$ cat run_33.txt   # compact mmCIF, C-alpha atoms
# COMPACT_ATOMS: atom_id res chain seq x y z
CA MET H 29 -9.62 4.90 -15.91
CA PHE H 30 -12.61 5.27 -13.62
CA PHE H 31 -16.13 3.90 -13.71
CA GLN H 32 -18.76 4.75 -11.12
CA LYS H 33 -22.43 4.01 -10.60
CA GLU H 34 -24.92 4.02 -7.74
CA ILE H 35 -27.34 1.20 -7.14
CA LYS H 36 -30.10 0.56 -4.64
CA LEU H 37 -30.32 -2.94 -3.20
CA LYS H 38 -33.63 -4.61 -2.51
CA PRO H 39 -34.45 -4.58 1.22
CA PHE H 40 -32.76 -7.36 3.20
CA SER H 41 -33.89 -8.62 6.59
CA ARG H 42 -31.71 -8.09 9.67
CA GLY H 43 -28.66 -10.30 9.39
CA PHE H 44 -25.73 -11.10 7.13
CA HIS H 45 -26.37 -11.72 3.42
CA LEU H 46 -24.19 -12.87 0.56
CA ILE H 47 -24.41 -10.31 -2.29
CA THR H 48 -21.41 -11.11 -4.50
CA ASN H 49 -23.56 -12.00 -7.50
CA VAL H 50 -25.91 -9.06 -7.00
CA ILE H 51 -22.89 -6.79 -7.36
CA THR H 52 -20.99 -8.47 -10.17
CA SER H 53 -24.10 -8.99 -12.31
CA GLN H 54 -24.46 -5.20 -12.47
CA LEU H 55 -20.83 -4.54 -13.40
CA SER H 56 -20.19 -5.87 -16.89
CA GLU H 57 -17.85 -2.85 -17.22
CA MET H 58 -15.37 -4.70 -15.00
CA ASN H 59 -14.40 -6.89 -17.97
CA ASP H 60 -12.60 -3.90 -19.50
CA PHE H 61 -10.10 -3.62 -16.64
CA ARG H 62 -6.91 -5.67 -16.73
CA VAL H 63 -5.90 -4.60 -13.24
CA GLY H 64 -7.40 -2.32 -10.62
CA PHE H 65 -9.92 -2.17 -7.80
CA LEU H 66 -13.61 -2.29 -7.18
CA GLN H 67 -14.78 -0.33 -4.19
CA ILE H 68 -18.26 -0.88 -2.79
CA PHE H 69 -19.31 1.89 -0.42
CA ILE H 70 -22.56 1.82 1.58
CA LYS H 71 -24.10 5.24 2.22
CA HIS H 72 -25.57 4.35 5.61
CA THR H 73 -24.52 4.17 9.26
CA SER H 74 -26.69 1.24 10.39
CA ALA H 75 -25.65 -1.35 7.82
CA SER H 76 -22.20 -2.43 6.70
CA LEU H 77 -20.14 -4.43 4.23
CA THR H 78 -17.57 -7.15 4.82
CA ILE H 79 -15.93 -10.11 3.12
CA ASN H 80 -16.27 -13.59 4.57
CA GLU H 81 -17.12 -17.22 3.90
CA ASN H 82 -19.29 -17.66 0.81
CA CYS H 83 -20.58 -21.20 1.26
CA ASP H 84 -22.14 -22.30 4.53
CA PRO H 85 -25.14 -20.15 5.60
CA THR H 86 -24.55 -21.02 9.27
CA VAL H 87 -21.50 -18.73 9.17
CA ARG H 88 -23.80 -15.79 8.41
CA GLY H 89 -26.15 -16.90 11.20
CA ASP H 90 -23.29 -17.14 13.68
CA PHE H 91 -22.17 -13.63 12.69
CA GLU H 92 -25.63 -12.28 13.56
CA ARG H 93 -25.75 -14.19 16.82
CA HIS H 94 -22.27 -13.23 17.99
CA PHE H 95 -22.49 -9.58 16.96
CA ASN H 96 -25.72 -9.37 18.98
CA ILE H 97 -23.71 -10.50 22.02
CA LEU H 98 -20.88 -8.03 21.44
CA PHE H 99 -23.25 -5.14 20.71
CA PRO H 100 -26.33 -5.80 22.84
CA GLU H 101 -29.58 -3.91 22.75
CA ASN H 102 -30.67 -1.83 25.73
CA ALA H 103 -27.28 -1.38 27.38
CA SER H 104 -27.85 0.80 30.44
CA TYR H 105 -25.35 3.43 29.26
CA TYR H 106 -26.75 3.99 25.75
CA GLN H 107 -28.11 7.51 25.40
CA HIS H 108 -28.99 7.30 21.70
CA ASP H 109 -32.22 5.32 21.42
CA TYR H 110 -34.54 7.50 19.31
CA GLU H 111 -35.28 4.77 16.84
CA GLY H 112 -35.57 1.79 19.15
CA PRO H 113 -33.31 -0.78 20.79
CA ASP H 114 -31.68 -1.85 17.49
CA ASP H 115 -30.55 1.73 16.75
CA MET H 116 -27.30 2.16 18.69
CA PRO H 117 -26.10 -1.45 18.24
CA ALA H 118 -26.50 -0.90 14.49
CA HIS H 119 -24.18 2.12 14.56
CA LEU H 120 -21.58 0.22 16.60
CA LYS H 121 -21.69 -2.82 14.32
CA SER H 122 -21.41 -0.60 11.27
CA SER H 123 -18.12 0.99 12.35
CA THR H 124 -16.70 -2.32 13.56
CA LEU H 125 -17.29 -4.03 10.21
CA GLY H 126 -16.89 -0.93 8.04
CA CYS H 127 -18.81 0.86 5.32
CA GLN H 128 -16.67 -0.21 2.38
CA VAL H 129 -14.81 -3.08 0.81
CA MET H 130 -12.07 -2.65 -1.78
CA ILE H 131 -11.29 -5.71 -3.87
CA PRO H 132 -8.45 -6.14 -6.37
CA ILE H 133 -9.39 -6.74 -10.00
CA THR H 134 -7.24 -9.05 -12.12
CA ASN H 135 -8.00 -9.72 -15.79
CA GLY H 136 -11.51 -8.30 -15.62
CA LYS H 137 -12.62 -10.20 -12.52
CA LEU H 138 -12.67 -9.75 -8.76
CA ASN H 139 -9.54 -11.44 -7.42
CA LEU H 140 -11.22 -13.03 -4.41
CA GLY H 141 -10.11 -16.23 -2.70
CA THR H 142 -12.07 -19.41 -3.32
CA TRP H 143 -14.08 -19.03 -0.12
CA GLN H 144 -14.53 -15.26 -0.10
CA GLY H 145 -17.82 -13.52 -0.76
CA ILE H 146 -19.23 -10.04 -0.18
CA TYR H 147 -21.67 -9.65 2.72
CA LEU H 148 -24.31 -7.01 3.16
CA CYS H 149 -24.74 -6.70 6.92
CA GLU H 150 -28.19 -5.31 7.75
CA HIS H 151 -28.28 -4.23 11.38
CA ARG H 152 -31.79 -2.76 11.60
CA ASN H 153 -34.99 -4.71 12.26
CA GLN H 154 -36.92 -2.93 9.56
CA ASP H 155 -35.84 -3.75 6.03
CA HIS H 156 -34.23 -0.92 4.10
CA GLY H 157 -33.21 -0.70 0.46
CA ARG H 158 -29.60 0.31 0.93
CA ASN H 159 -27.74 2.62 -1.47
CA LEU H 160 -24.29 1.63 -2.68
CA VAL H 161 -21.66 3.54 -4.65
CA LEU H 162 -19.68 1.20 -6.91
CA THR H 163 -16.40 2.62 -8.17
CA ILE H 164 -13.87 0.88 -10.38
CA MET H 165 -10.45 2.32 -10.99
CA GLY H 166 -7.90 0.56 -13.09
CA GLU H 167 -6.42 0.16 -16.53
CA MET Z 4 0.05 3.34 -13.31
CA PHE Z 5 -0.65 -0.07 -11.77
CA PHE Z 6 1.54 -2.89 -10.54
CA GLN Z 7 0.18 -6.16 -9.19
CA LYS Z 8 1.62 -9.43 -7.98
CA GLU Z 9 0.52 -12.36 -5.85
CA ILE Z 10 2.70 -13.87 -3.17
CA LYS Z 11 2.37 -16.76 -0.77
CA LEU Z 12 3.57 -16.20 2.77
CA LYS Z 13 5.34 -18.89 4.74
CA PRO Z 14 3.01 -20.47 7.32
CA PHE Z 15 2.67 -18.48 10.55
CA SER Z 16 1.50 -19.88 13.87
CA ARG Z 17 -1.78 -18.70 15.39
CA GLY Z 18 -1.36 -15.11 16.55
CA PHE Z 19 -0.37 -11.67 15.35
CA HIS Z 20 2.84 -11.26 13.34
CA LEU Z 21 4.74 -8.26 12.05
CA ILE Z 22 5.27 -8.64 8.28
CA THR Z 23 6.20 -5.14 7.11
CA ASN Z 24 9.64 -6.20 5.90
CA VAL Z 25 8.35 -9.39 4.28
CA ILE Z 26 6.11 -7.22 2.13
CA THR Z 27 8.41 -4.32 1.30
CA SER Z 28 11.36 -6.58 0.49
CA GLN Z 29 9.30 -8.05 -2.35
CA LEU Z 30 8.22 -4.71 -3.78
CA SER Z 31 11.23 -2.93 -5.24
CA GLU Z 32 8.77 -1.62 -7.85
CA MET Z 33 7.41 0.77 -5.21
CA ASN Z 34 10.47 2.98 -5.71
CA ASP Z 35 9.05 4.05 -9.08
CA PHE Z 36 5.95 5.66 -7.56
CA ARG Z 37 6.12 9.27 -6.39
CA VAL Z 38 2.62 9.12 -4.90
CA GLY Z 39 -0.05 6.44 -4.66
CA PHE Z 40 -1.19 3.46 -2.62
CA LEU Z 41 -0.18 -0.06 -1.81
CA GLN Z 42 -3.05 -2.41 -1.11
CA ILE Z 43 -2.40 -5.76 0.54
CA PHE Z 44 -5.37 -8.11 0.21
CA ILE Z 45 -5.53 -11.52 1.90
CA LYS Z 46 -7.50 -14.16 -0.04
CA HIS Z 47 -8.79 -15.97 3.04
CA THR Z 48 -11.62 -15.74 5.57
CA SER Z 49 -9.84 -17.09 8.65
CA ALA Z 50 -6.83 -14.76 8.70
CA SER Z 51 -6.66 -10.99 8.45
CA LEU Z 52 -4.46 -7.92 8.07
CA THR Z 53 -4.18 -4.84 10.21
CA ILE Z 54 -1.79 -2.02 11.09
CA ASN Z 55 -0.55 -1.58 14.62
CA GLU Z 56 2.44 -1.10 16.90
CA ASN Z 57 5.68 -2.29 15.32
CA CYS Z 58 8.02 -2.48 18.29
CA ASP Z 59 6.95 -4.31 21.45
CA PRO Z 60 6.00 -7.99 20.87
CA THR Z 61 3.73 -7.97 23.95
CA VAL Z 62 1.29 -5.83 21.94
CA ARG Z 63 0.87 -8.71 19.49
CA GLY Z 64 0.45 -11.14 22.38
CA ASP Z 65 -2.19 -8.96 24.00
CA PHE Z 66 -4.05 -8.81 20.66
CA GLU Z 67 -4.21 -12.60 20.56
CA ARG Z 68 -5.29 -12.85 24.20
CA HIS Z 69 -7.96 -10.16 23.99
CA PHE Z 70 -9.40 -11.28 20.64
CA ASN Z 71 -9.75 -14.77 22.13
CA ILE Z 72 -11.93 -13.23 24.86
CA LEU Z 73 -14.08 -11.24 22.42
CA PHE Z 74 -14.45 -14.17 20.02
CA PRO Z 75 -14.41 -17.28 22.21
CA GLU Z 76 -14.30 -20.87 21.04
CA ASN Z 77 -17.26 -23.18 21.64
CA ALA Z 78 -19.93 -20.52 22.15
CA SER Z 79 -23.20 -22.39 22.67
CA TYR Z 80 -24.89 -20.63 19.74
CA TYR Z 81 -22.25 -21.34 17.08
CA GLN Z 82 -23.66 -23.61 14.38
CA HIS Z 83 -20.61 -23.54 12.10
CA ASP Z 84 -18.01 -25.86 13.63
CA TYR Z 85 -17.01 -28.21 10.79
CA GLU Z 86 -13.35 -27.54 11.16
CA GLY Z 87 -13.05 -27.38 14.92
CA PRO Z 88 -13.46 -24.85 17.73
CA ASP Z 89 -11.10 -22.30 16.14
CA ASP Z 90 -13.18 -22.20 12.92
CA MET Z 91 -16.00 -19.73 13.65
CA PRO Z 92 -13.92 -17.42 15.89
CA ALA Z 93 -11.48 -17.16 12.98
CA HIS Z 94 -14.22 -15.94 10.63
CA LEU Z 95 -15.45 -13.40 13.18
CA LYS Z 96 -11.96 -12.05 13.86
CA SER Z 97 -11.27 -11.83 10.13
CA SER Z 98 -14.21 -9.50 9.45
CA THR Z 99 -13.57 -7.43 12.56
CA LEU Z 100 -9.97 -6.72 11.58
CA GLY Z 101 -10.46 -6.82 7.81
CA CYS Z 102 -8.95 -8.58 4.82
CA GLN Z 103 -7.01 -5.63 3.42
CA VAL Z 104 -4.86 -2.66 4.29
CA MET Z 105 -4.31 0.30 1.99
CA ILE Z 106 -1.28 2.42 2.74
CA PRO Z 107 -0.33 5.72 1.12
CA ILE Z 108 2.93 5.84 -0.83
CA THR Z 109 5.04 9.00 -0.78
CA ASN Z 110 8.32 9.30 -2.70
CA GLY Z 111 8.63 5.58 -3.33
CA LYS Z 112 8.02 4.47 0.25
CA LEU Z 113 5.12 3.46 2.47
CA ASN Z 114 4.07 6.58 4.36
CA LEU Z 115 3.52 4.87 7.71
CA GLY Z 116 3.85 6.52 11.10
CA THR Z 117 6.96 5.83 13.16
CA TRP Z 118 5.23 3.15 15.23
CA GLN Z 119 3.08 1.55 12.53
CA GLY Z 120 3.71 -1.89 11.10
CA ILE Z 121 1.71 -4.39 9.07
CA TYR Z 122 0.34 -7.40 10.96
CA LEU Z 123 -0.62 -10.76 9.55
CA CYS Z 124 -3.28 -12.08 11.93
CA GLU Z 125 -3.42 -15.88 11.76
CA HIS Z 126 -6.60 -17.08 13.44
CA ARG Z 127 -6.36 -20.84 12.83
CA ASN Z 128 -4.45 -23.34 14.96
CA GLN Z 129 -2.93 -25.09 11.99
CA ASP Z 130 -0.35 -23.06 10.10
CA HIS Z 131 -1.33 -22.04 6.59
CA GLY Z 132 0.70 -20.37 3.87
CA ARG Z 133 -1.56 -17.43 3.15
CA ASN Z 134 -1.98 -15.91 -0.32
CA LEU Z 135 -1.79 -12.15 -0.73
CA VAL Z 136 -2.55 -9.86 -3.67
CA LEU Z 137 -0.27 -6.83 -3.66
CA THR Z 138 -1.46 -3.94 -5.83
CA ILE Z 139 0.23 -0.58 -6.28
CA MET Z 140 -1.50 2.26 -8.03
CA GLY Z 141 0.11 5.62 -8.39
CA GLU Z 142 2.21 7.87 -10.52
CA MET L 2 -4.34 12.20 -11.20
CA PHE L 3 -3.10 12.25 -7.62
CA PHE L 4 -3.06 14.88 -4.93
CA GLN L 5 -1.52 14.33 -1.51
CA LYS L 6 -0.89 16.43 1.57
CA GLU L 7 -0.20 15.86 5.25
CA ILE L 8 -1.97 17.77 7.98
CA LYS L 9 -1.76 17.82 11.75
CA LEU L 10 -5.03 17.98 13.64
CA LYS L 11 -5.42 20.03 16.78
CA PRO L 12 -5.40 17.80 19.88
CA PHE L 13 -8.76 16.18 20.66
CA SER L 14 -9.81 14.80 24.02
CA ARG L 15 -10.38 11.06 24.46
CA GLY L 16 -13.53 10.08 22.63
CA PHE L 17 -15.15 10.20 19.20
CA HIS L 18 -15.18 13.49 17.27
CA LEU L 19 -16.81 14.60 14.04
CA ILE L 20 -14.13 16.02 11.72
CA THR L 21 -15.78 16.05 8.29
CA ASN L 22 -15.55 19.83 7.96
CA VAL L 23 -12.01 19.97 9.30
CA ILE L 24 -11.00 17.69 6.44
CA THR L 25 -13.03 19.11 3.57
CA SER L 26 -12.17 22.71 4.42
CA GLN L 27 -8.51 21.88 3.73
CA LEU L 28 -9.15 20.14 0.42
CA SER L 29 -10.33 22.70 -2.12
CA GLU L 30 -8.38 20.60 -4.65
CA MET L 31 -11.19 18.02 -4.47
CA ASN L 32 -13.32 20.29 -6.68
CA ASP L 33 -11.10 19.37 -9.64
CA PHE L 34 -11.99 15.67 -9.51
CA ARG L 35 -15.07 14.45 -11.35
CA VAL L 36 -14.74 10.93 -9.95
CA GLY L 37 -12.28 9.25 -7.61
CA PHE L 38 -11.47 8.67 -3.96
CA LEU L 39 -10.27 10.52 -0.92
CA GLN L 40 -8.28 8.42 1.50
CA ILE L 41 -7.63 9.71 5.01
CA PHE L 42 -4.88 7.76 6.76
CA ILE L 43 -3.90 8.30 10.40
CA LYS L 44 -0.22 7.72 11.17
CA HIS L 45 -0.79 6.41 14.71
CA THR L 46 -1.67 3.18 16.48
CA SER L 47 -3.66 4.57 19.40
CA ALA L 48 -6.23 6.62 17.50
CA SER L 49 -8.41 5.67 14.56
CA LEU L 50 -10.82 6.83 11.86
CA THR L 51 -14.32 5.67 11.07
CA ILE L 52 -17.52 6.83 9.40
CA ASN L 53 -20.73 7.05 11.38
CA GLU L 54 -23.73 9.18 12.31
CA ASN L 55 -23.07 12.91 11.84
CA CYS L 56 -25.91 14.45 13.80
CA ASP L 57 -26.63 13.36 17.36
CA PRO L 58 -23.62 13.75 19.71
CA THR L 59 -24.95 10.99 22.00
CA VAL L 60 -23.95 8.49 19.28
CA ARG L 61 -20.33 9.52 19.75
CA GLY L 62 -20.70 9.28 23.53
CA ASP L 63 -22.20 5.80 23.25
CA PHE L 64 -19.28 4.75 21.04
CA GLU L 65 -16.83 5.81 23.74
CA ARG L 66 -18.83 4.10 26.48
CA HIS L 67 -19.33 0.82 24.62
CA PHE L 68 -15.78 0.58 23.28
CA ASN L 69 -14.56 1.01 26.87
CA ILE L 70 -16.61 -2.07 27.78
CA LEU L 71 -15.32 -4.15 24.87
CA PHE L 72 -11.71 -3.06 25.40
CA PRO L 73 -11.35 -2.54 29.15
CA GLU L 74 -8.39 -1.07 30.96
CA ASN L 75 -6.31 -3.23 33.29
CA ALA L 76 -7.30 -6.65 31.92
CA SER L 77 -5.32 -9.19 33.92
CA TYR L 78 -3.72 -10.66 30.79
CA TYR L 79 -2.39 -7.42 29.27
CA GLN L 80 1.41 -7.44 29.22
CA HIS L 81 1.84 -4.14 27.37
CA ASP L 82 1.22 -1.35 29.89
CA TYR L 83 4.29 0.91 29.61
CA GLU L 84 2.24 4.02 29.05
CA GLY L 85 -0.61 3.44 31.46
CA PRO L 86 -3.96 1.65 31.54
CA ASP L 87 -5.28 3.40 28.41
CA ASP L 88 -2.31 2.15 26.32
CA MET L 89 -3.27 -1.39 25.27
CA PRO L 90 -7.02 -0.69 24.92
CA ALA L 91 -6.06 2.13 22.53
CA HIS L 92 -4.12 -0.27 20.29
CA LEU L 93 -7.02 -2.76 20.27
CA LYS L 94 -9.60 -0.09 19.45
CA SER L 95 -7.37 1.29 16.70
CA SER L 96 -7.22 -2.00 14.79
CA THR L 97 -10.91 -2.72 15.33
CA LEU L 98 -11.99 0.60 13.85
CA GLY L 99 -9.11 1.00 11.40
CA CYS L 100 -6.50 3.59 10.52
CA GLN L 101 -8.02 4.77 7.27
CA VAL L 102 -11.24 5.66 5.50
CA MET L 103 -11.63 5.75 1.74
CA ILE L 104 -14.57 7.74 0.45
CA PRO L 105 -15.80 7.95 -3.15
CA ILE L 106 -15.71 11.37 -4.82
CA THR L 107 -18.45 12.31 -7.27
CA ASN L 108 -18.49 15.67 -9.07
CA GLY L 109 -15.89 17.24 -6.81
CA LYS L 110 -17.51 16.26 -3.52
CA LEU L 111 -17.38 13.38 -1.03
CA ASN L 112 -20.24 11.04 -1.94
CA LEU L 113 -21.32 10.34 1.63
CA GLY L 114 -24.83 9.38 2.70
CA THR L 115 -27.00 12.04 4.35
CA TRP L 116 -26.17 10.82 7.84
CA GLN L 117 -22.52 9.91 7.36
CA GLY L 118 -19.66 11.88 8.85
CA ILE L 119 -15.96 11.23 9.46
CA TYR L 120 -14.94 10.49 13.06
CA LEU L 121 -11.56 10.94 14.63
CA CYS L 122 -11.43 8.39 17.43
CA GLU L 123 -8.95 9.46 20.10
CA HIS L 124 -8.21 6.52 22.38
CA ARG L 125 -5.59 8.04 24.68
CA ASN L 126 -6.26 10.12 27.80
CA GLN L 127 -3.67 12.71 26.93
CA ASP L 128 -4.52 14.89 23.95
CA HIS L 129 -2.35 14.43 20.90
CA GLY L 130 -2.20 16.38 17.66
CA ARG L 131 -2.64 13.53 15.22
CA ASN L 132 -0.99 13.43 11.79
CA LEU L 133 -3.08 12.52 8.76
CA VAL L 134 -2.11 11.76 5.16
CA LEU L 135 -4.82 12.93 2.76
CA THR L 136 -4.62 11.40 -0.71
CA ILE L 137 -6.97 12.03 -3.61
CA MET L 138 -6.83 9.93 -6.73
CA GLY L 139 -9.22 10.44 -9.56
CA GLU L 140 -9.86 12.18 -12.84

$ encode --input "run_33.txt" --output "structure tokens"
Amino acid sequence: MFFQKEIKLKPFSRGFHLITNVITSQLSEMNDFRVGFLQIFIKHTSASLTINENCDPTVRGDFERHFNILFPENASYYQHDYEGPDDMPAHLKSSTLGCQVMIPITNGKLNLGTWQGIYLCEHRNQDHGRNLVLTIMGE
Amino acid sequence: MFFQKEIKLKPFSRGFHLITNVITSQLSEMNDFRVGFLQIFIKHTSASLTINENCDPTVRGDFERHFNILFPENASYYQHDYEGPDDMPAHLKSSTLGCQVMIPITNGKLNLGTWQGIYLCEHRNQDHGRNLVLTIMGE
Amino acid sequence: MFFQKEIKLKPFSRGFHLITNVITSQLSEMNDFRVGFLQIFIKHTSASLTINENCDPTVRGDFERHFNILFPENASYYQHDYEGPDDMPAHLKSSTLGCQVMIPITNGKLNLGTWQGIYLCEHRNQDHGRNLVLTIMGE
């Protein structure tokens, strides 16, 4: 049994944002699945999705700060800079974190750990409304 | 056809550990699937799962050493340090490596390459017994 | 409904390569799926798969250049160097980027964003013909 829909998020500022409730509030269909998976897929190459700590906002701030160290702007060897200094770091961050999360469903709910939440990782300076494909498969 | 169970691993010390046999020995049900997937999902944000070399233990040691360089303790800009210097690096490592692996099943077995094994990546100093959700879907 | 096949890619040189068409041209069976997923799984620990920008080749060059900075050859603490200086960095890059991509299918086609393509990331100096497991599940 499959269910699929596409949604467009509101624009988020550059950084890491907790979106668990934004997702689940639009998926009442999940209640019908005893067991299965939800996949969230982001249709972009300069933003990403990950799962991490859902409580303390300083974790999300530290993610932004540390990923800016690992993937700096204006590296001398970057050749792709059409869209500004945040362009190439955004692509690198996107592949490092990934464009999808797949979460087990148990008894109609996401089977996340107590401290796990879904992050939208916006790597560009300019806010974008990002498009997601939500797909549930299960029984 | 879906099969799902939760297991708790024994505590592992900080580092990268090969757990392929720990997983498969608890999944005799996999024999019933001609084709499909096994997903292993870790319900934590300071440990992770990945697939890598299954033979030489120095590979796992080098992973620990190099990830400690990329995600150092006590960076001046970390704000999240409630639980000690290994806290924030653990979160960063977890999202970089990921909280799940999804492996194709072929004729009742994991269809891994000759040199591939499943790693539990424990990023905290104190041993934890980590909880995993194992889900098989297939036919 | 499941469909699975294994393919062997032609050898690619070290670096990041766009292989979307290589994959889709060998999967006419995808047309039969209204909704579902394609998983591409690489059976190796020194090459990887990711999704990123499908247009400007300098993005792929910048990936190679920046990943060589993050995962350098000949780090003093590497103990695993049997197969040369590109050996351990290849394992580290492989787990950072991942050994699989899972892409939603909608109306018989990969539901990728406009700018998304599938990359084969070859981390070894010597060309290898890499083995992939392609699995479609859907309805």

$ closest_atom_pairs --input "run_33.txt" --of "chain H" --to "chain L" --cutoff "6 Å" --atoms "only C-alpha atoms" --output "CSV"
residue,atom,partner,partner_atom,distance
H:Lys71,CA,L:Gly114,CA,4.2
H:His72,CA,L:Gly114,CA,5.9
H:Thr73,CA,L:Asn53,CA,5.2
H:Tyr106,CA,L:Asp63,CA,5.5
H:Gln107,CA,L:Thr59,CA,5.8
H:His108,CA,L:Thr59,CA,5.5
H:Thr124,CA,L:Leu98,CA,5.5

$ atom_distance --input "run_33.txt" --atom1 "atom CA of Thr48 of chain H" --atom2 "atom CA of Ser74 of chain H"
20.1 Å

$ atom_distance --input "run_33.txt" --atom1 "atom CA of Pro86 of chain L" --atom2 "atom CA of Glu67 of chain Z"
18.0 Å

$ residues_around --input "run_33.txt" --residues "Asp89 of chain Z" --least-positions-apart "6" --cutoff "8 Å" --atoms "only C-alpha atoms" --output "number ranges by chain"
Z: 76, 126-128

$ atom_distance --input "run_33.txt" --atom1 "atom CA of Gly130 of chain L" --atom2 "atom CA of Lys11 of chain L"
4.9 Å

$ residues_around --input "run_33.txt" --residues "Arg131 of chain L" --least-positions-apart "2" --cutoff "6 Å" --atoms "all atoms listed in the file" --output "number ranges by chain"
L: 9-10, 129

$ residues_around --input "run_33.txt" --residues "Ile20 of chain L" --least-positions-apart "2" --cutoff "9 Å" --atoms "all atoms listed in the file" --output "VMD selection string"
chain L and resid 18 22 to 25 118 to 121

$ residues_around --input "run_33.txt" --residues "Gln54 of chain H" --least-positions-apart "5" --cutoff "10 Å" --atoms "only C-alpha atoms" --output "ChimeraX atom specification"
/H:33,35,49,162
